[in-house]
file work.pdb (PDB, C-alpha atoms, pLDDT in the B column)
ATOM      1  CA  MET A   1     120.619 101.902 118.575  1.00 91.00           C
ATOM      2  CA  SER A   2     120.867 105.700 118.811  1.00 98.00           C
ATOM      3  CA  ASN A   3     120.967 108.366 116.102  1.00 98.00           C
ATOM      4  CA  TYR A   4     123.897 110.799 116.124  1.00 98.00           C
ATOM      5  CA  LEU A   5     124.794 113.802 113.973  1.00 98.00           C
ATOM      6  CA  ILE A   6     128.481 114.667 113.602  1.00 98.00           C
ATOM      7  CA  ILE A   7     129.223 117.954 111.864  1.00 98.00           C
ATOM      8  CA  GLY A   8     132.700 117.637 110.382  1.00 96.00           C
ATOM      9  CA  ALA A   9     132.987 113.854 110.270  1.00 96.00           C
ATOM     10  CA  SER A  10     135.344 113.572 107.318  1.00 93.00           C
ATOM     11  CA  SER A  11     138.659 113.669 109.181  1.00 92.00           C
ATOM     12  CA  GLY A  12     140.345 113.867 112.545  1.00 94.00           C
ATOM     13  CA  ILE A  13     138.241 113.602 115.688  1.00 96.00           C
ATOM     14  CA  GLY A  14     134.920 113.593 113.837  1.00 96.00           C
ATOM     15  CA  LYS A  15     135.954 110.693 111.621  1.00 96.00           C
ATOM     16  CA  ALA A  16     137.294 108.693 114.568  1.00 97.00           C
ATOM     17  CA  LEU A  17     134.101 109.314 116.532  1.00 98.00           C
ATOM     18  CA  ALA A  18     131.889 108.259 113.631  1.00 97.00           C
ATOM     19  CA  GLN A  19     133.755 104.965 113.435  1.00 96.00           C
ATOM     20  CA  GLN A  20     133.585 104.358 117.180  1.00 97.00           C
ATOM     21  CA  LEU A  21     129.840 105.022 117.308  1.00 98.00           C
ATOM     22  CA  ALA A  22     129.169 102.840 114.262  1.00 97.00           C
ATOM     23  CA  ASP A  23     131.256 100.035 115.737  1.00 96.00           C
ATOM     24  CA  SER A  24     128.957 100.198 118.776  1.00 96.00           C
ATOM     25  CA  GLY A  25     125.914  99.748 116.546  1.00 96.00           C
ATOM     26  CA  HIS A  26     124.676 103.332 116.418  1.00 98.00           C
ATOM     27  CA  ARG A  27     123.493 105.217 113.334  1.00 98.00           C
ATOM     28  CA  VAL A  28     125.779 108.099 112.407  1.00 98.00           C
ATOM     29  CA  PHE A  29     124.861 110.976 110.111  1.00 98.00           C
ATOM     30  CA  GLY A  30     128.153 112.656 109.294  1.00 97.00           C
ATOM     31  CA  THR A  31     128.793 115.786 107.262  1.00 97.00           C
ATOM     32  CA  PHE A  32     131.723 116.929 105.168  1.00 95.00           C
ATOM     33  CA  ASN A  33     132.490 120.154 103.347  1.00 92.00           C
ATOM     34  CA  THR A  34     135.737 120.189 101.333  1.00 86.00           C
ATOM     35  CA  THR A  35     136.949 116.667 102.156  1.00 81.00           C
ATOM     36  CA  GLU A  36     134.491 114.343 100.437  1.00 80.00           C
ATOM     37  CA  ILE A  37     134.184 110.953 102.072  1.00 84.00           C
ATOM     38  CA  HIS A  38     132.169 107.785 101.623  1.00 81.00           C
ATOM     39  CA  SER A  39     131.799 104.866 103.989  1.00 83.00           C
ATOM     40  CA  GLU A  40     131.114 101.205 103.359  1.00 85.00           C
ATOM     41  CA  ASN A  41     129.880 100.900 106.932  1.00 91.00           C
ATOM     42  CA  PRO A  42     126.068 100.611 106.758  1.00 94.00           C
ATOM     43  CA  PHE A  43     125.755 102.510 110.044  1.00 96.00           C
ATOM     44  CA  ILE A  44     127.420 105.676 108.672  1.00 97.00           C
ATOM     45  CA  GLN A  45     125.859 108.071 106.179  1.00 96.00           C
ATOM     46  CA  TYR A  46     127.814 111.048 104.861  1.00 96.00           C
ATOM     47  CA  HIS A  47     126.218 114.242 103.539  1.00 96.00           C
ATOM     48  CA  HIS A  48     127.703 117.444 102.161  1.00 95.00           C
ATOM     49  CA  LEU A  49     127.180 120.502 104.359  1.00 96.00           C
ATOM     50  CA  ASN A  50     128.736 123.961 104.464  1.00 95.00           C
ATOM     51  CA  VAL A  51     127.963 125.525 107.840  1.00 95.00           C
ATOM     52  CA  LEU A  52     129.034 128.952 106.550  1.00 95.00           C
ATOM     53  CA  GLU A  53     126.045 129.144 104.233  1.00 94.00           C
ATOM     54  CA  ASP A  54     123.199 131.351 105.442  1.00 89.00           C
ATOM     55  CA  GLN A  55     120.758 128.507 104.978  1.00 87.00           C
ATOM     56  CA  PHE A  56     121.551 124.808 104.990  1.00 91.00           C
ATOM     57  CA  SER A  57     119.410 121.714 105.071  1.00 92.00           C
ATOM     58  CA  LEU A  58     119.511 118.826 107.520  1.00 96.00           C
ATOM     59  CA  ASP A  59     116.477 117.121 106.043  1.00 95.00           C
ATOM     60  CA  PHE A  60     118.382 113.817 105.880  1.00 97.00           C
ATOM     61  CA  LEU A  61     118.010 113.419 109.656  1.00 98.00           C
ATOM     62  CA  PRO A  62     115.382 111.273 111.377  1.00 97.00           C
ATOM     63  CA  GLU A  63     112.774 112.868 113.625  1.00 97.00           C
ATOM     64  CA  GLU A  64     114.514 111.628 116.757  1.00 98.00           C
ATOM     65  CA  LEU A  65     118.147 112.555 117.327  1.00 98.00           C
ATOM     66  CA  ASP A  66     120.063 111.382 120.379  1.00 98.00           C
ATOM     67  CA  GLY A  67     123.116 113.556 120.044  1.00 98.00           C
ATOM     68  CA  VAL A  68     124.966 116.146 118.008  1.00 98.00           C
ATOM     69  CA  VAL A  69     128.708 116.796 117.917  1.00 98.00           C
ATOM     70  CA  TYR A  70     130.089 119.953 116.308  1.00 98.00           C
ATOM     71  CA  CYS A  71     133.686 119.427 115.178  1.00 97.00           C
ATOM     72  CA  PRO A  72     134.611 122.211 112.687  1.00 93.00           C
ATOM     73  CA  GLY A  73     137.432 124.432 113.838  1.00 88.00           C
ATOM     74  CA  SER A  74     140.640 126.162 112.874  1.00 87.00           C
ATOM     75  CA  ILE A  75     144.075 126.698 114.371  1.00 87.00           C
ATOM     76  CA  ASN A  76     145.547 130.032 113.309  1.00 89.00           C
ATOM     77  CA  LEU A  77     148.504 130.881 115.523  1.00 91.00           C
ATOM     78  CA  ARG A  78     149.780 134.389 114.841  1.00 93.00           C
ATOM     79  CA  PRO A  79     150.899 137.455 116.802  1.00 96.00           C
ATOM     80  CA  PHE A  80     147.846 139.414 117.934  1.00 96.00           C
ATOM     81  CA  GLU A  81     148.860 142.620 116.143  1.00 95.00           C
ATOM     82  CA  ARG A  82     148.980 140.804 112.793  1.00 96.00           C
ATOM     83  CA  ILE A  83     145.407 139.523 113.023  1.00 96.00           C
ATOM     84  CA  LYS A  84     142.732 141.600 111.354  1.00 96.00           C
ATOM     85  CA  PRO A  85     139.279 141.971 112.927  1.00 97.00           C
ATOM     86  CA  ALA A  86     137.895 140.192 109.865  1.00 97.00           C
ATOM     87  CA  ASP A  87     140.015 137.149 110.760  1.00 96.00           C
ATOM     88  CA  PHE A  88     138.402 136.995 114.197  1.00 96.00           C
ATOM     89  CA  LEU A  89     134.974 137.247 112.585  1.00 97.00           C
ATOM     90  CA  GLU A  90     135.788 134.452 110.127  1.00 95.00           C
ATOM     91  CA  ASP A  91     136.780 132.144 112.985  1.00 95.00           C
ATOM     92  CA  TYR A  92     133.664 133.109 114.945  1.00 96.00           C
ATOM     93  CA  GLN A  93     131.430 132.321 111.990  1.00 96.00           C
ATOM     94  CA  LEU A  94     132.913 128.840 111.638  1.00 96.00           C
ATOM     95  CA  GLN A  95     133.344 127.837 115.243  1.00 96.00           C
ATOM     96  CA  VAL A  96     130.487 129.612 117.027  1.00 97.00           C
ATOM     97  CA  ILE A  97     127.782 130.697 114.579  1.00 97.00           C
ATOM     98  CA  GLY A  98     128.020 127.350 112.766  1.00 97.00           C
ATOM     99  CA  ALA A  99     127.444 125.536 116.049  1.00 98.00           C
ATOM    100  CA  ILE A 100     124.542 127.825 116.941  1.00 98.00           C
ATOM    101  CA  LYS A 101     122.827 127.301 113.581  1.00 97.00           C
ATOM    102  CA  THR A 102     123.265 123.548 113.832  1.00 98.00           C
ATOM    103  CA  ILE A 103     121.878 123.276 117.349  1.00 98.00           C
ATOM    104  CA  GLN A 104     118.919 125.505 116.531  1.00 97.00           C
ATOM    105  CA  ALA A 105     118.177 123.385 113.464  1.00 97.00           C
ATOM    106  CA  VAL A 106     118.096 120.091 115.386  1.00 98.00           C
ATOM    107  CA  ALA A 107     116.805 121.164 118.805  1.00 98.00           C
ATOM    108  CA  SER A 108     113.305 119.798 118.197  1.00 98.00           C
ATOM    109  CA  LYS A 109     114.753 116.432 117.121  1.00 98.00           C
ATOM    110  CA  LEU A 110     116.935 116.276 120.228  1.00 98.00           C
ATOM    111  CA  LYS A 111     113.905 116.958 122.408  1.00 98.00           C
ATOM    112  CA  ASN A 112     112.276 113.839 120.953  1.00 98.00           C
ATOM    113  CA  SER A 113     115.023 111.732 122.549  1.00 98.00           C
ATOM    114  CA  LYS A 114     114.871 110.430 126.113  1.00 95.00           C
ATOM    115  CA  ASP A 115     118.566 111.185 126.725  1.00 94.00           C
ATOM    116  CA  ALA A 116     119.929 113.712 124.252  1.00 98.00           C
ATOM    117  CA  SER A 117     123.437 115.117 124.385  1.00 98.00           C
ATOM    118  CA  ILE A 118     125.315 117.939 122.676  1.00 98.00           C
ATOM    119  CA  VAL A 119     129.121 117.889 122.540  1.00 98.00           C
ATOM    120  CA  LEU A 120     131.144 120.958 121.562  1.00 98.00           C
ATOM    121  CA  PHE A 121     134.885 121.602 121.402  1.00 98.00           C
ATOM    122  CA  SER A 122     137.093 124.233 122.981  1.00 97.00           C
ATOM    123  CA  THR A 123     140.857 124.282 123.497  1.00 96.00           C
ATOM    124  CA  VAL A 124     143.258 124.113 126.430  1.00 95.00           C
ATOM    125  CA  ALA A 125     144.378 127.622 125.445  1.00 94.00           C
ATOM    126  CA  VAL A 126     141.160 129.269 126.662  1.00 95.00           C
ATOM    127  CA  GLN A 127     141.721 128.665 130.361  1.00 92.00           C
ATOM    128  CA  THR A 128     145.503 128.242 130.289  1.00 92.00           C
ATOM    129  CA  GLY A 129     146.473 131.261 128.193  1.00 90.00           C
ATOM    130  CA  LEU A 130     149.053 130.703 125.479  1.00 92.00           C
ATOM    131  CA  PRO A 131     150.887 133.201 123.267  1.00 94.00           C
ATOM    132  CA  PHE A 132     149.741 133.542 119.640  1.00 94.00           C
ATOM    133  CA  HIS A 133     146.411 131.856 120.464  1.00 95.00           C
ATOM    134  CA  SER A 134     144.190 134.950 120.651  1.00 95.00           C
ATOM    135  CA  GLN A 135     142.251 134.150 117.476  1.00 95.00           C
ATOM    136  CA  VAL A 136     141.303 130.594 118.379  1.00 94.00           C
ATOM    137  CA  SER A 137     140.859 131.403 122.077  1.00 96.00           C
ATOM    138  CA  ALA A 138     138.385 134.192 121.347  1.00 96.00           C
ATOM    139  CA  SER A 139     136.050 131.839 119.471  1.00 96.00           C
ATOM    140  CA  LYS A 140     136.526 128.865 121.747  1.00 97.00           C
ATOM    141  CA  GLY A 141     135.991 131.048 124.804  1.00 97.00           C
ATOM    142  CA  ALA A 142     132.592 131.861 123.345  1.00 97.00           C
ATOM    143  CA  ILE A 143     131.947 128.128 122.893  1.00 98.00           C
ATOM    144  CA  GLU A 144     132.634 127.523 126.580  1.00 98.00           C
ATOM    145  CA  GLY A 145     130.154 130.235 127.527  1.00 98.00           C
ATOM    146  CA  LEU A 146     127.606 128.847 125.082  1.00 98.00           C
ATOM    147  CA  THR A 147     128.045 125.375 126.591  1.00 98.00           C
ATOM    148  CA  LYS A 148     127.135 126.516 130.081  1.00 98.00           C
ATOM    149  CA  ALA A 149     124.241 128.709 128.951  1.00 98.00           C
ATOM    150  CA  LEU A 150     122.669 125.979 126.828  1.00 98.00           C
ATOM    151  CA  ALA A 151     123.205 123.354 129.527  1.00 98.00           C
ATOM    152  CA  ALA A 152     121.188 125.504 131.909  1.00 98.00           C
ATOM    153  CA  GLU A 153     118.499 126.323 129.355  1.00 98.00           C
ATOM    154  CA  TYR A 154     118.030 122.780 128.072  1.00 98.00           C
ATOM    155  CA  ALA A 155     118.199 120.972 131.430  1.00 98.00           C
ATOM    156  CA  PRO A 156     116.918 118.424 132.205  1.00 97.00           C
ATOM    157  CA  LYS A 157     115.981 117.365 128.657  1.00 97.00           C
ATOM    158  CA  ILE A 158     119.300 117.833 126.815  1.00 98.00           C
ATOM    159  CA  ARG A 159     122.799 117.598 128.267  1.00 98.00           C
ATOM    160  CA  VAL A 160     125.456 119.977 126.895  1.00 98.00           C
ATOM    161  CA  ASN A 161     129.178 119.535 127.480  1.00 98.00           C
ATOM    162  CA  CYS A 162     132.443 120.717 125.944  1.00 98.00           C
ATOM    163  CA  ILE A 163     135.811 119.025 125.465  1.00 98.00           C
ATOM    164  CA  ALA A 164     138.937 121.173 125.689  1.00 97.00           C
ATOM    165  CA  PRO A 165     141.856 119.243 124.158  1.00 96.00           C
ATOM    166  CA  SER A 166     145.505 120.121 123.973  1.00 95.00           C
ATOM    167  CA  LEU A 167     147.475 119.474 120.793  1.00 92.00           C
ATOM    168  CA  THR A 168     146.025 116.487 118.971  1.00 91.00           C
ATOM    169  CA  ASP A 169     147.470 114.624 115.997  1.00 89.00           C
ATOM    170  CA  THR A 170     144.848 115.486 113.361  1.00 87.00           C
ATOM    171  CA  PRO A 171     144.989 117.050 109.879  1.00 84.00           C
ATOM    172  CA  LEU A 172     143.947 120.371 111.462  1.00 81.00           C
ATOM    173  CA  ALA A 173     147.164 120.430 113.494  1.00 78.00           C
ATOM    174  CA  ALA A 174     149.384 118.971 110.759  1.00 78.00           C
ATOM    175  CA  SER A 175     151.706 121.989 110.569  1.00 79.00           C
ATOM    176  CA  LEU A 176     152.493 121.643 114.282  1.00 82.00           C
ATOM    177  CA  VAL A 177     153.485 117.977 114.125  1.00 80.00           C
ATOM    178  CA  ASN A 178     154.933 117.636 110.630  1.00 83.00           C
ATOM    179  CA  SER A 179     158.428 116.683 111.750  1.00 86.00           C
ATOM    180  CA  ASP A 180     159.909 114.386 114.370  1.00 88.00           C
ATOM    181  CA  GLN A 181     161.437 117.395 116.104  1.00 89.00           C
ATOM    182  CA  LYS A 182     158.130 119.268 116.374  1.00 87.00           C
ATOM    183  CA  ARG A 183     156.286 116.154 117.475  1.00 90.00           C
ATOM    184  CA  GLU A 184     158.794 115.382 120.225  1.00 93.00           C
ATOM    185  CA  ALA A 185     159.020 118.989 121.437  1.00 92.00           C
ATOM    186  CA  ASN A 186     155.238 119.211 121.732  1.00 90.00           C
ATOM    187  CA  ALA A 187     155.051 115.807 123.430  1.00 92.00           C
ATOM    188  CA  GLN A 188     157.538 116.901 126.093  1.00 94.00           C
ATOM    189  CA  ARG A 189     155.365 119.895 127.038  1.00 92.00           C
ATOM    190  CA  HIS A 190     152.722 117.488 128.343  1.00 94.00           C
ATOM    191  CA  PRO A 191     153.050 115.627 131.653  1.00 94.00           C
ATOM    192  CA  LEU A 192     152.081 112.385 129.884  1.00 95.00           C
ATOM    193  CA  LYS A 193     154.876 113.027 127.345  1.00 95.00           C
ATOM    194  CA  ARG A 194     152.863 112.547 124.192  1.00 95.00           C
ATOM    195  CA  ILE A 195     150.427 114.491 122.083  1.00 94.00           C
ATOM    196  CA  GLY A 196     146.821 113.390 121.864  1.00 94.00           C
ATOM    197  CA  THR A 197     145.286 111.213 119.193  1.00 95.00           C
ATOM    198  CA  ALA A 198     141.946 111.640 117.470  1.00 96.00           C
ATOM    199  CA  GLU A 199     140.819 108.467 119.236  1.00 97.00           C
ATOM    200  CA  ASP A 200     141.685 109.945 122.665  1.00 97.00           C
ATOM    201  CA  ILE A 201     139.296 112.825 122.115  1.00 97.00           C
ATOM    202  CA  ALA A 202     136.675 110.777 120.273  1.00 98.00           C
ATOM    203  CA  SER A 203     136.494 108.380 123.210  1.00 98.00           C
ATOM    204  CA  MET A 204     135.579 111.236 125.544  1.00 98.00           C
ATOM    205  CA  ALA A 205     132.975 112.480 123.071  1.00 98.00           C
ATOM    206  CA  GLU A 206     131.511 108.979 122.819  1.00 98.00           C
ATOM    207  CA  PHE A 207     131.282 108.832 126.614  1.00 98.00           C
ATOM    208  CA  LEU A 208     129.529 112.210 126.780  1.00 98.00           C
ATOM    209  CA  LEU A 209     126.993 111.053 124.210  1.00 98.00           C
ATOM    210  CA  SER A 210     126.241 107.864 126.100  1.00 97.00           C
ATOM    211  CA  ALA A 211     123.980 107.111 129.063  1.00 96.00           C
ATOM    212  CA  LYS A 212     127.151 106.522 131.098  1.00 97.00           C
ATOM    213  CA  SER A 213     127.449 110.310 131.404  1.00 98.00           C
ATOM    214  CA  SER A 214     123.759 110.885 132.187  1.00 97.00           C
ATOM    215  CA  TRP A 215     124.572 112.985 135.282  1.00 98.00           C
ATOM    216  CA  ILE A 216     127.091 115.262 133.544  1.00 98.00           C
ATOM    217  CA  THR A 217     126.111 118.568 131.944  1.00 98.00           C
ATOM    218  CA  GLY A 218     127.491 122.089 131.655  1.00 98.00           C
ATOM    219  CA  GLN A 219     131.083 120.884 131.968  1.00 98.00           C
ATOM    220  CA  ILE A 220     134.313 121.840 130.221  1.00 98.00           C
ATOM    221  CA  LEU A 221     136.323 118.619 130.244  1.00 98.00           C
ATOM    222  CA  HIS A 222     140.055 118.903 129.733  1.00 97.00           C
ATOM    223  CA  VAL A 223     141.480 115.999 127.746  1.00 97.00           C
ATOM    224  CA  ASP A 224     144.974 117.364 127.445  1.00 96.00           C
ATOM    225  CA  GLY A 225     147.620 114.974 128.786  1.00 96.00           C
ATOM    226  CA  GLY A 226     147.696 116.949 132.032  1.00 96.00           C
ATOM    227  CA  TYR A 227     148.801 120.165 130.304  1.00 94.00           C
ATOM    228  CA  SER A 228     146.250 122.483 131.915  1.00 94.00           C
ATOM    229  CA  SER A 229     146.689 121.419 135.521  1.00 93.00           C
ATOM    230  CA  LEU A 230     150.117 119.830 136.043  1.00 93.00           C
ATOM    231  CA  LYS A 231     153.647 121.158 135.928  1.00 86.00           C
ATOM    232  CA  VAL A 232     156.202 118.365 136.010  1.00 81.00           C
TER     233      VAL A 232
END
call {"tool": "encode", "arguments": {"input": "work.pdb", "output": "structure tokens"}}
result
Amino acid sequence: MSNYLIIGASSGIGKALAQQLADSGHRVFGTFNTTEIHSENPFIQYHHLNVLEDQFSLDFLPEELDGVVYCPGSINLRPFERIKPADFLEDYQLQVIGAIKTIQAVASKLKNSKDASIVLFSTVAVQTGLPFHSQVSASKGAIEGLTKALAAEYAPKIRVNCIAPSLTDTPLAASLVNSDQKREANAQRHPLKRIGTAEDIASMAEFLLSAKSSWITGQILHVDGGYSSLKV
């Protein structure tokens, strides 16, 4: 049994991952902010946490932590000239500074593990380049840089990897898949002709947390239906 912290475990990928890990017999400490959630699964504990607060407590965690997954994010797709600098800063606070504060808060607990792993999230738009994605790409580009820097700094004790999904059917992306027409149009943009599911991405995160990925660190893994590398 391993101990895992999932920041943003109340919906979407974080919720799916919490369930997968618990089903495998691991202890999951999940956090929520605005979407309160409770679980009847004895392997999952949920705690309220707002990563935007200057100070937050993770005193509910055990002294040994085997992995942390940082899920909070946003998808704000707008023309670049309509985005205020403050909007970029707001995204950066949530997606980058929140991850930094979390990792710093639990680093000593991760070092107590024999095989600790950190999993972060980017987006296919960082390395592919998509119109109207400047706000999310700016923050997620920083996450990719952070992934590689931390992987180097924490090796060999803690592995650090990042998943870069394409469009995934989660509450965060609801406005992009809220009709049959939108769903089908987005599916057809992918070589595998469907959009991703929360379970698709959670399965990769579960793998990166496990000993099965013990020789993988510093990687940006594209789980995107072939979008970033294939044109069919």
call {"tool": "residues_around", "arguments": {"input": "work.pdb", "residues": "A:Gly30", "least_positions_apart": "5", "cutoff": "10 Å", "atoms": "all atoms listed in the file", "output": "PyMOL selection string"}}
result
chain A and resi 4-10+14-15+17-18+37-38+44-49+68-69
call {"tool": "atom_distance", "arguments": {"input": "work.pdb", "atom1": "atom CA of A:Leu77", "atom2": "atom CA of A:Leu176"}}
result
10.1 Å
call {"tool": "atom_distance", "arguments": {"input": "work.pdb", "atom1": "atom CA of A:Ala173", "atom2": "atom CA of A:Asp200"}}
result
15.0 Å
call {"tool": "residues_around", "arguments": {"input": "work.pdb", "residues": "A:Cys162", "least_positions_apart": "5", "cutoff": "12 Å", "atoms": "only C-alpha atoms", "output": "MDAnalysis selection string"}}
result
chainID A and resid 68:71 117:124 140:151 201 204:205 207:209 216:223
call {"tool": "resolve_selection", "arguments": {"input": "work.pdb", "expression": "the PyMOL selection byres ((chain A and resi 106) around 10)", "output": "JSON, numbers by chain"}}
result
{"A": [5, 58, 59, 61, 63, 64, 65, 67, 68, 101, 102, 103, 104, 105, 107, 108, 109, 110, 111]}
call {"tool": "closest_residue", "arguments": {"input": "work.pdb", "among": "A:Ile97, A:Glu81, A:Ser24, A:Asp115", "to": "A:Pro156", "atoms": "all atoms listed in the file"}}
result
A:Asp115
call {"tool": "atom_distance", "arguments": {"input": "work.pdb", "atom1": "atom CA of A:Ile195", "atom2": "atom CA of A:Arg183"}}
result
7.6 Å
call {"tool": "resolve_selection", "arguments": {"input": "work.pdb", "expression": "the PyMOL selection byres ((chain A and resi 21) around 10)", "output": "list of chain:residue names"}}
result
A:Met1, A:Ser2, A:Asn3, A:Tyr4, A:Ala16, A:Leu17, A:Ala18, A:Gln19, A:Gln20, A:Ala22, A:Asp23, A:Ser24, A:Gly25, A:His26, A:Arg27, A:Val28, A:Phe43, A:Ile44, A:Ala202, A:Ser203, A:Ala205, A:Glu206, A:Leu209, A:Ser210
call {"tool": "resolve_selection", "arguments": {"input": "work.pdb", "expression": "the PyMOL selection byres ((chain A and resi 88) around 9)", "output": "list in words"}}
result
Ile83, Lys84, Pro85, Ala86, Asp87, Leu89, Glu90, Asp91, Tyr92, Gln93, Ser134, Gln135, Val136, Ala138 and Ser139 of chain A
